[in-house]
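Text of the file entry-v5.txt, holding compact mmCIF, C-alpha atoms and all ligand atoms:
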# COMPACT_ATOMS: atom_id res chain seq x y z
CA MET S 1 0.08 -84.21 13.35
CA LYS S 2 2.10 -81.02 13.37
CA CYS S 3 -0.80 -78.61 13.48
CA ALA S 4 -2.65 -80.18 16.42
CA VAL S 5 -3.51 -77.65 19.12
CA ASP S 6 -1.85 -78.54 22.39
CA ILE S 7 -4.42 -77.36 24.92
CA GLU S 8 -2.26 -78.41 27.87
CA SER S 9 0.47 -75.93 26.94
CA ARG S 10 -1.95 -73.01 27.26
CA ASP S 11 -1.43 -73.03 30.98
CA VAL S 12 -0.72 -69.34 31.53
CA GLU S 13 -3.93 -68.64 33.39
CA GLU S 14 -3.68 -71.62 35.69
CA MET S 15 -0.01 -71.60 36.54
CA TYR S 16 1.29 -68.07 36.40
CA ILE S 17 0.53 -64.48 37.28
CA ASN S 18 0.43 -62.84 33.87
CA ILE S 19 1.63 -59.23 33.62
CA ASP S 20 1.73 -59.11 29.83
CA PRO S 21 1.07 -55.49 28.78
CA ILE S 22 -1.61 -56.31 26.22
CA GLN S 23 -3.39 -59.32 27.67
CA ALA S 24 -4.50 -58.14 31.09
CA GLY S 25 -7.98 -56.79 30.35
CA GLY S 26 -8.87 -59.43 27.81
CA ARG S 27 -8.52 -62.55 29.96
CA LEU S 28 -11.79 -64.41 29.84
CA THR S 29 -14.11 -64.73 32.78
CA ALA S 30 -15.30 -68.22 33.70
CA GLU S 31 -18.68 -67.20 32.26
CA ALA S 32 -17.10 -66.32 28.91
CA MET S 33 -15.18 -69.61 28.90
CA ARG S 34 -18.43 -71.53 29.37
CA ALA S 35 -20.25 -69.45 26.76
CA ALA S 36 -17.41 -70.03 24.31
CA ILE S 37 -17.91 -73.77 24.58
CA ALA S 38 -21.69 -73.62 24.35
CA TYR S 39 -21.61 -71.25 21.37
CA GLY S 40 -18.54 -72.66 19.61
CA ASP S 41 -20.41 -73.23 16.37
CA GLY S 42 -20.09 -70.23 14.08
CA TYR S 43 -23.79 -69.73 13.44
CA SER S 44 -24.93 -70.72 16.89
CA VAL S 45 -26.41 -67.31 17.68
CA CYS S 46 -28.31 -67.28 14.41
CA ASP S 47 -30.95 -69.86 15.38
CA ASN S 48 -33.32 -67.07 16.32
CA CYS S 49 -32.31 -64.52 13.73
CA ARG S 50 -35.67 -63.74 12.18
CA ASN S 51 -37.09 -60.37 11.38
CA PRO S 52 -35.30 -58.21 10.55
CA PRO S 53 -32.49 -60.64 9.89
CA ARG S 54 -29.63 -58.79 11.51
CA LEU S 55 -27.33 -59.57 14.41
CA ASP S 56 -28.28 -56.58 16.56
CA TYR S 57 -31.97 -57.54 16.46
CA ILE S 58 -31.52 -61.08 17.82
CA LYS S 59 -33.44 -61.47 21.06
CA ASN S 60 -32.34 -64.95 22.05
CA PRO S 61 -29.56 -64.88 23.13
CA PRO S 62 -30.25 -61.25 24.09
CA ILE S 63 -27.89 -59.62 21.58
CA ALA S 64 -30.30 -56.74 20.93
CA GLN S 65 -30.40 -55.95 24.63
CA TYR S 66 -26.62 -56.18 24.83
CA HIS S 67 -26.29 -53.53 22.13
CA ALA S 68 -28.63 -51.21 24.03
CA ASP S 69 -26.78 -51.90 27.28
CA LEU S 70 -23.40 -51.18 25.69
CA ALA S 71 -24.57 -47.81 24.36
CA ALA S 72 -26.09 -46.81 27.72
CA TRP S 73 -23.00 -47.98 29.63
CA LEU S 74 -20.73 -45.81 27.46
CA ASN S 75 -23.24 -42.94 27.64
CA MET S 76 -23.62 -42.93 23.88
CA ASP S 77 -26.79 -43.27 21.79
CA THR S 78 -26.16 -46.46 19.88
CA ALA S 79 -23.58 -49.22 19.61
CA ARG S 80 -22.57 -52.18 17.49
CA VAL S 81 -20.23 -55.02 18.25
CA VAL S 82 -17.37 -55.23 15.77
CA PRO S 83 -14.54 -57.72 15.08
CA GLY S 84 -11.91 -55.75 17.00
CA ALA S 85 -11.36 -52.07 17.67
CA ARG S 86 -9.60 -51.77 14.33
CA ARG S 87 -12.81 -52.67 12.48
CA GLY S 88 -14.56 -49.91 14.40
CA PHE S 89 -11.90 -47.43 13.25
CA GLN S 90 -12.29 -48.73 9.73
CA ALA S 91 -16.08 -48.35 9.68
CA VAL S 92 -15.84 -44.74 10.80
CA ALA S 93 -12.95 -43.77 8.53
CA SER S 94 -14.54 -45.45 5.53
CA THR S 95 -17.70 -43.42 6.16
CA LEU S 96 -16.24 -40.00 6.91
CA VAL S 97 -12.97 -39.87 4.98
CA GLU S 98 -12.74 -39.24 1.24
CA LYS S 99 -9.65 -39.99 -0.83
CA GLY S 100 -7.02 -37.32 -0.23
CA ASP S 101 -8.56 -35.99 3.00
CA PRO S 102 -6.19 -35.22 5.85
CA VAL S 103 -7.03 -37.13 9.03
CA ILE S 104 -5.68 -36.14 12.41
CA LEU S 105 -4.30 -38.68 14.80
CA THR S 106 -1.54 -38.43 17.35
CA ALA S 107 2.10 -39.28 17.90
CA LEU S 108 0.84 -41.96 20.31
CA ALA S 109 -1.79 -43.40 17.97
CA HIS S 110 -1.98 -47.14 17.48
CA TYR S 111 -0.94 -48.45 14.07
CA THR S 112 -4.46 -49.73 13.37
CA GLU S 113 -5.69 -46.12 13.26
CA PHE S 114 -3.19 -45.47 10.47
CA MET S 115 -4.42 -48.58 8.65
CA ALA S 116 -8.01 -47.36 8.84
CA VAL S 117 -7.04 -43.95 7.48
CA GLU S 118 -4.98 -45.47 4.70
CA ALA S 119 -7.72 -47.92 3.70
CA ALA S 120 -10.09 -44.98 3.31
CA GLY S 121 -7.57 -43.08 1.14
CA GLY S 122 -6.92 -40.48 3.86
CA ILE S 123 -3.61 -38.83 4.67
CA PRO S 124 -2.55 -39.13 8.33
CA ARG S 125 -1.25 -36.13 10.20
CA GLU S 126 -0.02 -36.51 13.80
CA ILE S 127 -0.47 -34.20 16.76
CA PRO S 128 2.95 -34.28 18.45
CA LYS S 129 3.29 -35.32 22.09
CA ASP S 130 4.77 -32.98 24.66
CA LYS S 131 7.81 -33.60 26.86
CA LYS S 132 5.64 -35.43 29.38
CA ASN S 133 4.32 -37.76 26.67
CA HIS S 134 0.91 -36.16 26.61
CA ILE S 135 -1.28 -35.02 23.76
CA THR S 136 -2.65 -31.61 24.74
CA PRO S 137 -5.56 -29.52 23.48
CA ASP S 138 -3.12 -26.76 22.53
CA ALA S 139 -1.06 -29.11 20.40
CA ALA S 140 -4.30 -30.37 18.81
CA ALA S 141 -5.34 -26.80 17.94
CA GLU S 142 -1.94 -26.04 16.43
CA LYS S 143 -2.00 -29.19 14.32
CA ILE S 144 -5.54 -28.60 13.09
CA GLU S 145 -4.57 -25.07 12.01
CA ALA S 146 -1.45 -26.37 10.27
CA VAL S 147 -3.38 -29.11 8.47
CA ILE S 148 -6.05 -26.69 7.28
CA ARG S 149 -3.30 -24.45 5.91
CA GLU S 150 -1.58 -27.40 4.22
CA PHE S 151 -4.67 -28.96 2.63
CA SER S 152 -7.00 -25.97 2.36
CA LYS S 153 -9.71 -28.12 3.89
CA THR S 154 -10.86 -29.21 7.30
CA PRO S 155 -10.03 -32.78 8.32
CA PRO S 156 -13.19 -34.91 8.48
CA LEU S 157 -12.02 -36.92 11.50
CA LEU S 158 -9.68 -36.81 14.51
CA PHE S 159 -8.55 -39.91 16.38
CA VAL S 160 -7.36 -39.70 19.96
CA ASP S 161 -6.37 -42.51 22.31
CA HIS S 162 -7.98 -42.17 25.70
CA VAL S 163 -5.02 -44.03 27.18
CA ASP S 164 -2.09 -44.64 24.85
CA TYR S 165 -0.45 -48.03 24.37
CA GLN S 166 3.11 -46.76 24.75
CA PHE S 167 3.04 -45.14 28.18
CA GLY S 168 -0.40 -45.96 29.55
CA ASN S 169 -0.93 -42.23 30.11
CA VAL S 170 -4.45 -40.80 30.38
CA HIS S 171 -4.94 -37.94 27.91
CA ASP S 172 -7.17 -34.89 28.08
CA VAL S 173 -9.68 -36.22 25.59
CA ALA S 174 -12.44 -33.82 26.65
CA GLY S 175 -10.13 -30.84 26.09
CA ILE S 176 -8.99 -32.16 22.71
CA ALA S 177 -12.59 -32.91 21.63
CA LYS S 178 -13.62 -29.39 22.59
CA VAL S 179 -10.94 -27.96 20.32
CA ALA S 180 -11.83 -30.32 17.45
CA HIS S 181 -15.50 -29.42 17.71
CA GLN S 182 -14.66 -25.74 17.32
CA TYR S 183 -13.59 -26.75 13.81
CA ASP S 184 -16.55 -29.13 13.37
CA ILE S 185 -14.22 -32.13 13.34
CA PRO S 186 -15.80 -35.33 14.71
CA VAL S 187 -13.71 -37.13 17.32
CA LEU S 188 -13.13 -40.86 17.57
CA VAL S 189 -11.94 -41.92 21.01
CA ASN S 190 -9.84 -45.05 20.97
CA GLY S 191 -10.78 -46.77 24.22
CA ALA S 192 -8.79 -49.96 23.60
CA TYR S 193 -7.08 -49.43 26.98
CA THR S 194 -10.08 -47.99 28.80
CA VAL S 195 -13.45 -49.42 27.73
CA GLY S 196 -13.99 -52.43 29.98
CA ILE S 197 -11.32 -51.66 32.54
CA MET S 198 -12.08 -48.17 33.76
CA PRO S 199 -15.22 -45.99 33.67
CA VAL S 200 -15.79 -44.41 30.25
CA ASP S 201 -18.43 -41.74 29.69
CA GLY S 202 -18.43 -40.97 25.97
CA ASN S 203 -20.65 -37.95 26.39
CA ALA S 204 -18.46 -36.39 29.07
CA LEU S 205 -15.42 -36.99 26.88
CA GLY S 206 -17.14 -35.20 23.99
CA ALA S 207 -16.75 -38.29 21.83
CA ASP S 208 -18.55 -38.66 18.54
CA PHE S 209 -17.36 -42.25 18.46
CA VAL S 210 -16.11 -44.50 21.23
CA VAL S 211 -14.30 -47.65 20.17
CA GLY S 212 -13.33 -50.47 22.52
CA SER S 213 -11.56 -53.77 22.11
CA GLY S 214 -13.22 -56.91 23.46
CA HIS S 215 -10.10 -59.08 23.56
CA LYS S 216 -7.93 -56.32 24.95
CA SER S 217 -10.13 -54.88 27.67
CA MET S 218 -13.57 -56.50 27.87
CA ALA S 219 -12.70 -60.06 28.90
CA ALA S 220 -13.86 -61.34 25.53
CA PRO S 221 -12.62 -63.76 22.88
CA ALA S 222 -10.84 -62.32 19.82
CA PRO S 223 -11.58 -60.66 17.55
CA SER S 224 -14.19 -58.53 19.24
CA GLY S 225 -14.87 -54.91 20.04
CA VAL S 226 -17.46 -52.18 20.21
CA LEU S 227 -18.23 -49.08 18.19
CA ALA S 228 -20.59 -46.60 19.85
CA THR S 229 -21.77 -43.30 18.47
CA THR S 230 -24.31 -40.51 18.78
CA ASN S 231 -27.59 -40.07 16.94
CA GLU S 232 -25.89 -37.40 14.87
CA HIS S 233 -23.54 -39.90 13.23
CA ALA S 234 -25.37 -43.21 13.57
CA GLU S 235 -27.39 -42.87 10.40
CA ARG S 236 -24.29 -42.37 8.27
CA VAL S 237 -21.98 -44.89 9.88
CA PHE S 238 -24.68 -47.54 10.28
CA ARG S 239 -26.34 -46.80 6.92
CA THR S 240 -28.24 -49.68 5.40
CA THR S 241 -27.53 -51.13 2.00
CA GLN S 242 -28.88 -49.72 -1.23
CA ALA S 243 -27.32 -52.51 -3.28
CA LYS S 244 -29.44 -54.25 -5.90
CA GLY S 245 -28.60 -57.19 -8.16
CA ASP S 246 -28.87 -56.00 -11.74
CA VAL S 247 -29.77 -59.48 -13.00
CA THR S 248 -31.76 -60.85 -10.08
CA GLY S 249 -33.20 -57.60 -8.78
CA ARG S 250 -32.29 -58.72 -5.27
CA THR S 251 -32.11 -56.21 -2.46
CA PHE S 252 -30.70 -56.80 0.99
CA GLY S 253 -33.06 -55.14 3.42
CA LEU S 254 -31.60 -53.65 6.55
CA LYS S 255 -28.07 -54.98 6.29
CA GLU S 256 -25.57 -52.34 7.35
CA VAL S 257 -22.83 -51.66 4.83
CA GLU S 258 -20.00 -50.83 7.22
CA MET S 259 -20.90 -53.84 9.36
CA MET S 260 -20.83 -56.05 6.24
CA GLY S 261 -24.38 -57.08 7.11
CA CYS S 262 -23.56 -58.79 10.38
CA THR S 263 -20.46 -58.71 12.52
CA LEU S 264 -19.79 -61.01 15.45
CA MET S 265 -21.26 -64.47 15.54
CA GLY S 266 -20.91 -67.35 17.96
CA VAL S 267 -18.04 -67.35 20.46
CA THR S 268 -17.05 -63.71 20.11
CA VAL S 269 -20.38 -62.04 20.72
CA VAL S 270 -21.62 -64.42 23.43
CA GLY S 271 -18.21 -64.30 25.08
CA MET S 272 -18.44 -60.52 25.28
CA MET S 273 -21.98 -60.75 26.57
CA ALA S 274 -21.17 -63.39 29.16
CA SER S 275 -18.37 -61.25 30.60
CA PHE S 276 -20.35 -58.02 30.51
CA PRO S 277 -21.90 -58.16 34.00
CA ARG S 278 -18.45 -58.62 35.54
CA VAL S 279 -16.88 -56.05 33.24
CA ARG S 280 -19.53 -53.52 34.18
CA GLU S 281 -18.84 -54.23 37.83
CA ARG S 282 -15.06 -54.25 37.64
CA VAL S 283 -14.73 -50.75 36.17
CA LYS S 284 -16.17 -49.44 39.44
CA HIS S 285 -13.04 -50.67 41.21
CA TRP S 286 -10.63 -48.73 39.05
CA ASP S 287 -9.13 -46.88 42.04
CA THR S 288 -8.00 -50.18 43.52
CA GLU S 289 -6.48 -51.22 40.20
CA VAL S 290 -4.53 -47.96 40.04
CA ALA S 291 -3.34 -48.37 43.64
CA HIS S 292 -2.15 -51.90 42.78
CA SER S 293 -0.29 -50.58 39.77
CA GLN S 294 1.31 -47.90 41.93
CA ALA S 295 2.45 -50.49 44.49
CA VAL S 296 4.30 -52.55 41.87
CA VAL S 297 5.83 -49.44 40.29
CA ASP S 298 7.03 -48.31 43.71
CA ALA S 299 8.61 -51.70 44.34
CA LEU S 300 10.43 -51.41 41.01
CA LEU S 301 11.53 -47.86 41.75
CA SER S 302 13.13 -49.02 44.97
CA ILE S 303 15.60 -50.97 42.85
CA GLU S 304 18.44 -48.51 42.32
CA GLY S 305 18.72 -47.24 38.74
CA THR S 306 15.13 -48.02 37.72
CA LYS S 307 13.00 -45.26 36.20
CA VAL S 308 9.34 -45.07 35.30
CA LEU S 309 8.68 -43.52 31.90
CA SER S 310 4.89 -43.31 32.31
CA ASP S 311 3.11 -40.66 34.36
CA TYR S 312 3.94 -40.85 38.03
CA PRO S 313 1.99 -41.33 40.24
CA ARG S 314 0.33 -43.91 38.07
CA GLN S 315 -3.18 -43.38 36.76
CA HIS S 316 -3.38 -46.62 34.81
CA THR S 317 -2.29 -50.23 35.12
CA LEU S 318 -0.15 -50.26 31.97
CA THR S 319 3.33 -48.92 32.73
CA ARG S 320 6.50 -48.34 30.75
CA ILE S 321 9.64 -48.84 32.76
CA ASP S 322 13.31 -48.20 32.11
CA THR S 323 15.66 -50.73 33.70
CA ARG S 324 18.76 -49.97 31.64
CA GLU S 325 20.58 -48.96 34.79
CA SER S 326 19.31 -51.82 36.90
CA PHE S 327 18.25 -55.16 35.38
CA ASP S 328 20.14 -54.49 32.18
CA THR S 329 23.43 -54.08 34.04
CA VAL S 330 22.86 -57.62 35.32
CA ALA S 331 22.04 -58.82 31.81
CA GLN S 332 25.43 -57.64 30.54
CA GLN S 333 27.18 -60.16 32.83
CA HIS S 334 24.60 -62.92 33.07
CA LYS S 335 25.00 -66.17 31.18
CA LYS S 336 21.37 -65.92 30.06
CA ARG S 337 21.97 -62.30 28.99
CA GLY S 338 18.69 -60.34 28.83
CA PHE S 339 16.67 -63.53 29.20
CA PHE S 340 17.55 -63.82 32.88
CA LEU S 341 14.74 -61.48 33.97
CA SER S 342 11.82 -63.28 32.35
CA SER S 343 13.40 -66.58 33.35
CA ASP S 344 13.87 -65.57 37.02
CA LEU S 345 10.36 -64.15 37.13
CA LYS S 346 8.95 -67.36 35.71
CA LYS S 347 10.62 -69.30 38.50
CA ARG S 348 8.66 -67.05 40.85
CA GLY S 349 5.40 -67.76 39.02
CA ILE S 350 5.24 -64.61 36.91
CA THR S 351 4.91 -64.50 33.16
CA GLY S 352 4.29 -61.81 30.55
CA VAL S 353 7.59 -59.91 30.53
CA ILE S 354 8.86 -60.36 26.99
CA PRO S 355 11.84 -62.73 27.10
CA GLY S 356 15.04 -60.78 26.52
CA SER S 357 13.76 -57.40 27.63
CA THR S 358 15.75 -55.72 30.36
CA ARG S 359 15.97 -52.22 28.92
CA VAL S 360 12.68 -50.42 28.28
CA TRP S 361 9.63 -52.59 28.63
CA LYS S 362 5.98 -52.55 29.69
CA PHE S 363 3.80 -54.51 32.03
CA ASN S 364 0.17 -54.41 33.12
CA THR S 365 -1.12 -55.31 36.58
CA PHE S 366 -4.82 -55.12 35.74
CA GLY S 367 -6.98 -57.74 37.41
CA LEU S 368 -4.44 -59.04 39.93
CA THR S 369 -5.51 -59.62 43.50
CA GLU S 370 -3.95 -57.81 46.46
CA LYS S 371 -1.94 -60.92 47.23
CA GLN S 372 -0.72 -61.30 43.66
CA ILE S 373 0.29 -57.64 43.60
CA ARG S 374 2.40 -58.15 46.72
CA HIS S 375 3.92 -61.24 45.21
CA VAL S 376 4.84 -59.41 41.96
CA GLY S 377 6.47 -56.54 43.88
CA GLU S 378 8.40 -58.96 46.09
CA ALA S 379 9.42 -61.03 43.07
CA PHE S 380 11.02 -58.03 41.36
CA LEU S 381 12.87 -57.18 44.57
CA GLY S 382 13.90 -60.80 45.02
CA VAL S 383 15.34 -61.00 41.49
CA ALA S 384 17.15 -57.69 42.07
CA ARG S 385 18.69 -58.81 45.39
CA GLU S 386 19.68 -62.19 44.07
CA ASN S 387 21.55 -60.50 41.24
CA GLY S 388 23.38 -57.98 43.41
CA LEU S 389 21.32 -54.85 42.70
CA ASN S 390 20.85 -52.27 45.45
CA ILE S 391 17.48 -51.72 47.07
CA ILE S 392 17.03 -48.11 48.15
C1 LIG J 1 -4.18 -48.68 21.63
C2 LIG J 1 -4.73 -49.76 20.74
N1 LIG J 1 -5.67 -49.44 19.85
C3 LIG J 1 -6.21 -50.36 19.04
C4 LIG J 1 -5.81 -51.67 19.07
C5 LIG J 1 -6.43 -52.64 18.13
O1 LIG J 1 -7.39 -53.36 18.81
P1 LIG J 1 -8.06 -54.64 18.17
O2 LIG J 1 -7.05 -55.74 18.24
O3 LIG J 1 -9.27 -54.87 19.01
O4 LIG J 1 -8.40 -54.30 16.76
C6 LIG J 1 -4.85 -52.05 20.00
C7 LIG J 1 -4.39 -53.44 20.12
O5 LIG J 1 -3.86 -54.08 19.32
C8 LIG J 1 -4.27 -51.06 20.84
O6 LIG J 1 -3.32 -51.35 21.72
Take the structure in the file and give it back as structure tokens.
Amino acid sequence: MKCAVDIESRDVEEMYINIDPIQAGGRLTAEAMRAAIAYGDGYSVCDNCRNPPRLDYIKNPPIAQYHADLAAWLNMDTARVVPGARRGFQAVASTLVEKGDPVILTALAHYTEFMAVEAAGGIPREIPKDKKNHITPDAAAEKIEAVIREFSKTPPLLFVDHVDYQFGNVHDVAGIAKVAHQYDIPVLVNGAYTVGIMPVDGNALGADFVVGSGHKSMAAPAPSGVLATTNEHAERVFRTTQAKGDVTGRTFGLKEVEMMGCTLMGVTVVGMMASFPRVRERVKHWDTEVAHSQAVVDALLSIEGTKVLSDYPRQHTLTRIDTRESFDTVAQQHKKRGFFLSSDLKKRGITGVIPGSTRVWKFNTFGLTEKQIRHVGEAFLGVARENGLNII
């Protein structure tokens, strides 16, 4: 039975401290684990789907309330759960972008934003990053002007990542949104690395749309996410179907076109919901998370030759590090080559560093306890010492 799922081998959570850059905020809570078992059947949340027959109206389990809570929590007017942040991008782009329209995103945009633009027939144009790997309001203004000159029309949408996936830097979204709004360009804030791990106030950011990822940052099963918007845009993006069968005359009531009628069912939506109380609580402790991140970065920086490529001091738990002049010098001589680092870390109970990477790589300390943070810092130092690197 080649395709049997070996549950025992999925031991990452039990056995190791996981510092994988993309998994940290998505790890399930015990509540989500239990909910996933109870609601494993695909249509399990649909038992009480009555009138109107749509996911976001279901009262038991309290999916309707969850939608209202999500919108309030993000300080937006309305929200829908979606199958991943990318499907949120897609719903917005498919609504606002016409074929041939330029769409602004950034040099640090995630590839899924490009996919959403392309699917809608738009033409992506990137705001460049500055020397410090930031997207600035000035650069946004320059790019908007250039794009208007190039296309003789105003872009219908601008994407900006609240925190980017490459450096884990926090960008001046409010400043960028202010510029975009001067040109009447709606702004979609990609909160894949913020919604669910740090406080996000969509209104204060000037967001027209806030998109989050359940499996990346809301302790939820994949694929899940959230799309929140304002009253100004909700009617368009969450428009209901006008479709009619020409033979049968059937119509489809209140089903929302961009949501394909209904979005998350079963495990994904109840998993998100089950984790929500903890997620709502944990974002209040963001300062501690940042301090933890800083402690590990400082431990790494005390290994001679190591550089941090992300903002320093750290403002986020995702960090890009350059160890070409430290761990990689070991790798050149080591019999395991670049695999020595992940292998030595694993012996110390740490997983998530991509096997083979000793040059430029990323890690994420989100969700670790004080004790685990100390252990991770000491483990890096221990590996360095054992392999003859200097501690400064
Ligand atoms: C910055 C960023 N945006 C968007 C996405 C897409 O999120 P999702 O997998 O929820 O569609 C990811 C993750 O893959 C990401 O890192």
Closest of S:Pro124, S:Gly40, S:Gly212, S:Gly196 to ligand LIG 1 (chain J) - atom-to-atom distances counting only C-alpha atoms and all ligand atoms: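 The closest residue to ligand LIG 1 (chain J) is S:Gly212.
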Nearest candidate to S:Ala219 (options S:Arg385, S:Arg337, S:His233, S:Arg278; using only C-alpha atoms):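 Among S:Arg385, S:Arg337, S:His233, S:Arg278, it is S:Arg278 that comes nearest to S:Ala219.
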Atom CA of S:Glu378 to atom CA of S:Leu301, straight-line distance in Å: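 Straight-line distance from atom CA of S:Leu301 to atom CA of S:Glu378 works out to 12.3 Å.
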Pick from S:Phe339, S:Tyr66, S:Tyr39, S:Phe327 nearest to S:Leu381, counting all atoms listed in the file: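 Of the candidates, the smallest distance to S:Leu381 is held by S:Phe327.
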Contacts of S:Arg236 at 9 Å (only C-alpha atoms; same-chain gap of 4+ positions) as a PyMOL selection string: chain S and resi 95-96+232+240
C-alpha atoms of the current selection, written as a compact mmCIF listing (two decimals), keeping the file's coordinate frame:
# COMPACT_ATOMS: atom_id res chain seq x y z
CA THR S 95 -17.70 -43.42 6.16
CA LEU S 96 -16.24 -40.00 6.91
CA GLU S 232 -25.89 -37.40 14.87
CA THR S 240 -28.24 -49.68 5.40
Atom-to-atom span, atom CA of S:Val211 and atom CA of S:Asp47, Å: 28.2 Å
Test item: residues lying within 6 Å of ligand LIG 1 (chain J) with only C-alpha atoms and all ligand atoms, as a list in words: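 Residues lying within 6 Å of ligand LIG 1 (chain J): Gly84, Ala85, Arg86, His110, Thr112, Asp164, Tyr165, Ala192, Ser213 and Gly225 of chain S.
Nearest to S:Asp161 of all the residues S:Lys244, S:Arg280, S:His215, S:His134 is S:His134, counting only C-alpha atoms.
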Å distance separating atom CA of S:Phe340 from atom CA of S:Asn387, one decimal place: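 Straight-line distance from atom CA of S:Phe340 to atom CA of S:Asn387 works out to 9.8 Å.
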Is it possible to get the axis-aligned box enclosing stretch 34-50 of chain S (all listed atoms, 4 Å extra per side) as JSON, with centre and edge lengths in Å rounded to one decimal?
{"center_x": -26.5, "center_y": -68.8, "center_z": 20.8, "size_x": 26.3, "size_y": 18.0, "size_z": 25.2}
